[in-house]
Amino acid sequence: MSDRSIPLRWLLLILIAESGYASAKRVTLNLPLPPTPNTPRPLPLKIQKFISVSEAHYDHDHHKHHQEETPEPHFAPVNATRRVFLGATANLHCTVHDLGNESVSWMRRDGDELRLLTWDVHTYADDDRYSLVHETGDRWQRWQLVIRDTQVQDGGQYRCQVTTAPPLALDIVLQVTEPRSRIVDERGEDVLEKHYNSGSMIELKCIIDRVPFPHLPVTWRRGAVTLVFNNSRGGISVKGDATSGYLASRLYVAKASPTDSGRYACWYGNYTSAFVTVHVIAGENSAAMQHDSLPEAGTTGGSSPLSHISSLWLLALLALSSSLVLSCNFPLQCYSARATGGTKRHPSSSGRDAYISSR
């Protein structure tokens with residue numbers, strides 16, 4: 001390269017540098033001037049950073065957790081069937097979570113209709129055995145319907161309802177177990193009548209099942225009179241089995257007489273009873289005879305075989321008595337046997353001994 005070309009290169013570089021500076025200066029001069037008081041300012045732009053996430057990587061559970069939701073009322077789990085014994089207290093539970101400002105009512109189904117029993121803490125039932133117990137806790141409230149001294153007619157379907165749209169309903173069925181009593185004979189069969197002889201022991205047995213433990217008292221009545229024996233003539237026993245809900249009661253009456261005849265009843269509390277008619281037959285000759293009358297046995301017209309046998313015995317005794325009187329020469333020497341039993345020796349004028357048995 002010649003010495004003359006070097007100055008030309010430097011001159012070319014200087015011209016290129018000056019042209020670039022002039023271009024930059026022109027760009028700077030084109031920038032907008034500061035606004036004057038009469039010039040409206042442009043609105044500031046807020047730049048946000050967006051991140052693109054695919055559907056496969058979107059965490060729905062995480063974002064749902066952070067969303068603000070209003071909890072809806074719902075019932076706590078409960079047994080849909082409630083069983084109680086006759087005369088006991090029934091408690092029907094209805095626990096509602098997240099109730100909010102809603103109201104709760106208890107109703108009872110009566111055919112195709114629902115009869116209002118309670119609304120909130122107010123009771124509208126026309127039976128004073130019905131009441132309401134209200135309890136509150138952490139986000140829950142319990143509305144307990146109480147029925148005292150339950151009767152058989154209290155059984156049925158009850159509904160706890162929340163006034164949402166549509167309403168929330170919880171149905172509970174109440175079952176009332178009624179005790180069953182019956183009077184049985186020695187074979188354990190139901191009996192309606194029992195026959196005893198004068199001087200014998202009256203023994204009646206009553207079976208009561210489907211009872212709770214501790215159980216209610218068992219009483220015996222003759223007519224309208226409650227029997228209470230505190231002497232040697234009679235007594236009452238009661239035995240039970242809590243596992244099977246079973247009671248057995250016995251009534252004893254010693255030295256029965258015709259005045260002990262009548263209608264006897266075995267009562268469990270004041271709820272259930274069984275009846276039997278007792279006949280006490282007068283006379284000593286039938287002291288060893290006793291029979292029961294079953295519910296299926298009927299009576300027909302005419303004389304019974306027992307009456308025929310009794311008549312034959314009476315005729316035989318009259319004939320024997322007549323023969324003795326005719327054989328006595330002196331009435332003071334003739335005497336009869338006592339009723340307490342045994343045989344008596346009767347001296348006669350003929351020198352022979354005559355014996356009469358009281359049996």
# chains A, B, ... in the order shown; residues from 1 in each chain; ligands from 1
$ select_by_dssp --residues "segment 55-135 of chain A" --states "strand (DSSP E or B)" --output "NGL selection string"
:A and (74-75 or 81-85 or 90-92 or 95-97 or 104-110 or 113-119 or 122-123 or 130-135)
$ residues_around --residues "Leu216 of chain A" --least-positions-apart "2" --cutoff "10 Å" --atoms "only C-alpha atoms" --output "number ranges by chain"
A: 87, 211-214, 218-219, 267-271
$ closest_residue --among "A:Asp120, A:Glu69, A:Glu203, A:Asp98" --to "Trp143 of chain A" --atoms "only C-alpha atoms"
A:Asp120
$ residues_around --residues "segment 135-141 of chain A" --least-positions-apart "4" --cutoff "10 Å" --atoms "only C-alpha atoms" --output "VMD selection string"
chain A and resid 73 to 76 94 to 100 104
$ closest_residue --among "A:Thr89, A:Ser181, A:Asn197, A:Ser105" --to "Arg142 of chain A" --atoms "only C-alpha atoms"
A:Ser105
$ residues_around --residues "segment 106-115 of chain A" --least-positions-apart "6" --cutoff "8 Å" --atoms "only C-alpha atoms" --output "VMD selection string"
chain A and resid 145 156 to 161
$ write_last_selection --atoms "all heavy atoms" --output "mmCIF file, in the first residue's frame"
data_model
loop_
_atom_site.group_PDB
_atom_site.id
_atom_site.type_symbol
_atom_site.label_atom_id
_atom_site.label_comp_id
_atom_site.auth_asym_id
_atom_site.auth_seq_id
_atom_site.Cartn_x
_atom_site.Cartn_y
_atom_site.Cartn_z
ATOM 1 N N LEU A 145 -86.150 -34.394 68.935
ATOM 2 C CA LEU A 145 -87.575 -34.523 69.254
ATOM 3 C C LEU A 145 -87.721 -35.575 70.347
ATOM 4 O O LEU A 145 -87.267 -36.715 70.191
ATOM 5 C CB LEU A 145 -88.369 -34.922 68.014
ATOM 6 C CG LEU A 145 -89.880 -35.071 68.206
ATOM 7 C CD1 LEU A 145 -90.520 -33.743 68.561
ATOM 8 C CD2 LEU A 145 -90.517 -35.661 66.956
ATOM 9 N N GLY A 156 -94.478 -44.784 63.820
ATOM 10 C CA GLY A 156 -94.709 -44.271 62.471
ATOM 11 C C GLY A 156 -93.497 -43.523 61.953
ATOM 12 O O GLY A 156 -92.385 -43.629 62.489
ATOM 13 N N GLN A 157 -93.710 -42.740 60.886
ATOM 14 C CA GLN A 157 -92.625 -42.020 60.220
ATOM 15 C C GLN A 157 -92.612 -40.554 60.648
ATOM 16 O O GLN A 157 -93.641 -39.874 60.638
ATOM 17 C CB GLN A 157 -92.786 -42.105 58.700
ATOM 18 C CG GLN A 157 -91.607 -41.516 57.930
ATOM 19 C CD GLN A 157 -91.833 -41.555 56.422
ATOM 20 O OE1 GLN A 157 -92.510 -40.708 55.866
ATOM 21 N NE2 GLN A 157 -91.283 -42.566 55.764
ATOM 22 N N TYR A 158 -91.424 -40.084 61.036
ATOM 23 C CA TYR A 158 -91.202 -38.690 61.418
ATOM 24 C C TYR A 158 -90.181 -38.077 60.458
ATOM 25 O O TYR A 158 -89.283 -38.779 59.969
ATOM 26 C CB TYR A 158 -90.704 -38.594 62.856
ATOM 27 C CG TYR A 158 -91.737 -39.022 63.879
ATOM 28 C CD1 TYR A 158 -91.969 -40.369 64.135
ATOM 29 C CD2 TYR A 158 -92.476 -38.088 64.584
ATOM 30 C CE1 TYR A 158 -92.917 -40.771 65.068
ATOM 31 C CE2 TYR A 158 -93.426 -38.471 65.515
ATOM 32 C CZ TYR A 158 -93.638 -39.815 65.753
ATOM 33 O OH TYR A 158 -94.585 -40.199 66.673
ATOM 34 N N ARG A 159 -90.320 -36.763 60.214
ATOM 35 C CA ARG A 159 -89.442 -36.082 59.255
ATOM 36 C C ARG A 159 -88.841 -34.834 59.877
ATOM 37 O O ARG A 159 -89.545 -33.997 60.450
ATOM 38 C CB ARG A 159 -90.209 -35.710 57.993
ATOM 39 C CG ARG A 159 -89.424 -34.814 57.028
ATOM 40 C CD ARG A 159 -90.121 -34.649 55.702
ATOM 41 N NE ARG A 159 -90.128 -35.910 54.950
ATOM 42 C CZ ARG A 159 -90.600 -36.026 53.719
ATOM 43 N NH1 ARG A 159 -91.111 -34.968 53.102
ATOM 44 N NH2 ARG A 159 -90.569 -37.190 53.110
ATOM 45 N N CYS A 160 -87.503 -34.721 59.748
ATOM 46 C CA CYS A 160 -86.779 -33.496 60.089
ATOM 47 C C CYS A 160 -86.464 -32.774 58.774
ATOM 48 O O CYS A 160 -85.863 -33.357 57.871
ATOM 49 C CB CYS A 160 -85.503 -33.829 60.853
ATOM 50 S SG CYS A 160 -84.463 -32.396 61.235
ATOM 51 N N GLN A 161 -86.876 -31.506 58.673
ATOM 52 C CA GLN A 161 -86.779 -30.793 57.388
ATOM 53 C C GLN A 161 -86.109 -29.439 57.566
ATOM 54 O O GLN A 161 -86.378 -28.717 58.528
ATOM 55 C CB GLN A 161 -88.174 -30.625 56.786
ATOM 56 C CG GLN A 161 -88.188 -29.977 55.415
ATOM 57 C CD GLN A 161 -89.532 -30.116 54.743
ATOM 58 O OE1 GLN A 161 -89.975 -31.220 54.429
ATOM 59 N NE2 GLN A 161 -90.206 -29.001 54.529
#
$ residues_around --residues "Arg82 of chain A" --least-positions-apart "2" --cutoff "12 Å" --atoms "only C-alpha atoms" --output "PyMOL selection string"
chain A and resi 78-80+84-85+89-93+154-158+171-177
$ write_last_selection --atoms "C-alpha atoms" --output "PDB file, in the first residue's frame"
ATOM      1  CA  VAL A  78     -78.200 -41.232  61.685  1.00  0.00           C
ATOM      2  CA  ASN A  79     -79.995 -44.560  61.986  1.00  0.00           C
ATOM      3  CA  ALA A  80     -83.234 -44.366  60.010  1.00  0.00           C
ATOM      4  CA  VAL A  84     -88.300 -48.188  71.983  1.00  0.00           C
ATOM      5  CA  PHE A  85     -90.361 -50.215  74.441  1.00  0.00           C
ATOM      6  CA  THR A  89     -88.977 -42.186  76.192  1.00  0.00           C
ATOM      7  CA  ALA A  90     -88.145 -41.886  72.497  1.00  0.00           C
ATOM      8  CA  ASN A  91     -85.398 -39.475  71.368  1.00  0.00           C
ATOM      9  CA  LEU A  92     -85.233 -38.710  67.643  1.00  0.00           C
ATOM     10  CA  HIS A  93     -81.986 -36.963  66.651  1.00  0.00           C
ATOM     11  CA  ASP A 154     -96.825 -43.129  68.466  1.00  0.00           C
ATOM     12  CA  GLY A 155     -95.126 -45.475  66.039  1.00  0.00           C
ATOM     13  CA  GLY A 156     -94.709 -44.271  62.471  1.00  0.00           C
ATOM     14  CA  GLN A 157     -92.625 -42.020  60.220  1.00  0.00           C
ATOM     15  CA  TYR A 158     -91.202 -38.690  61.418  1.00  0.00           C
ATOM     16  CA  ASP A 171     -87.035 -39.452  57.586  1.00  0.00           C
ATOM     17  CA  ILE A 172     -86.900 -41.590  60.750  1.00  0.00           C
ATOM     18  CA  VAL A 173     -89.234 -44.513  61.544  1.00  0.00           C
ATOM     19  CA  LEU A 174     -90.227 -45.007  65.193  1.00  0.00           C
ATOM     20  CA  GLN A 175     -91.123 -48.560  66.264  1.00  0.00           C
ATOM     21  CA  VAL A 176     -92.803 -49.129  69.648  1.00  0.00           C
ATOM     22  CA  THR A 177     -92.381 -52.662  71.046  1.00  0.00           C
TER      23      THR A 177
END
$ atom_distance --atom1 "atom CA of Asp190 of chain A" --atom2 "atom CA of Gly223 of chain A"
19.8 Å
$ closest_residue --among "A:Leu132, A:Ile207, A:Leu192, A:Leu86" --to "Tyr264 of chain A" --atoms "only C-alpha atoms"
A:Leu192
$ atom_distance --atom1 "atom CA of Ile202 of chain A" --atom2 "atom CA of Ala256 of chain A"
6.5 Å
$ atom_distance --atom1 "atom CA of Val238 of chain A" --atom2 "atom CA of Thr150 of chain A"
24.9 Å
$ closest_residue --among "A:Arg263, A:Arg129, A:His122, A:Arg9" --to "Lys194 of chain A" --atoms "only C-alpha atoms"
A:Arg263
$ closest_residue --among "A:Glu72, A:Asp260, A:Glu102, A:Asp126" --to "Tyr196 of chain A" --atoms "only C-alpha atoms"
A:Asp260
$ residues_around --residues "Cys206 of chain A" --least-positions-apart "5" --cutoff "7 Å" --atoms "only C-alpha atoms" --output "ChimeraX atom specification"
/A:181-184,248-250,266
$ select_by_dssp --residues "segment 154-313 of chain A" --states "alpha helix (DSSP H)" --output "count of residues only"
9
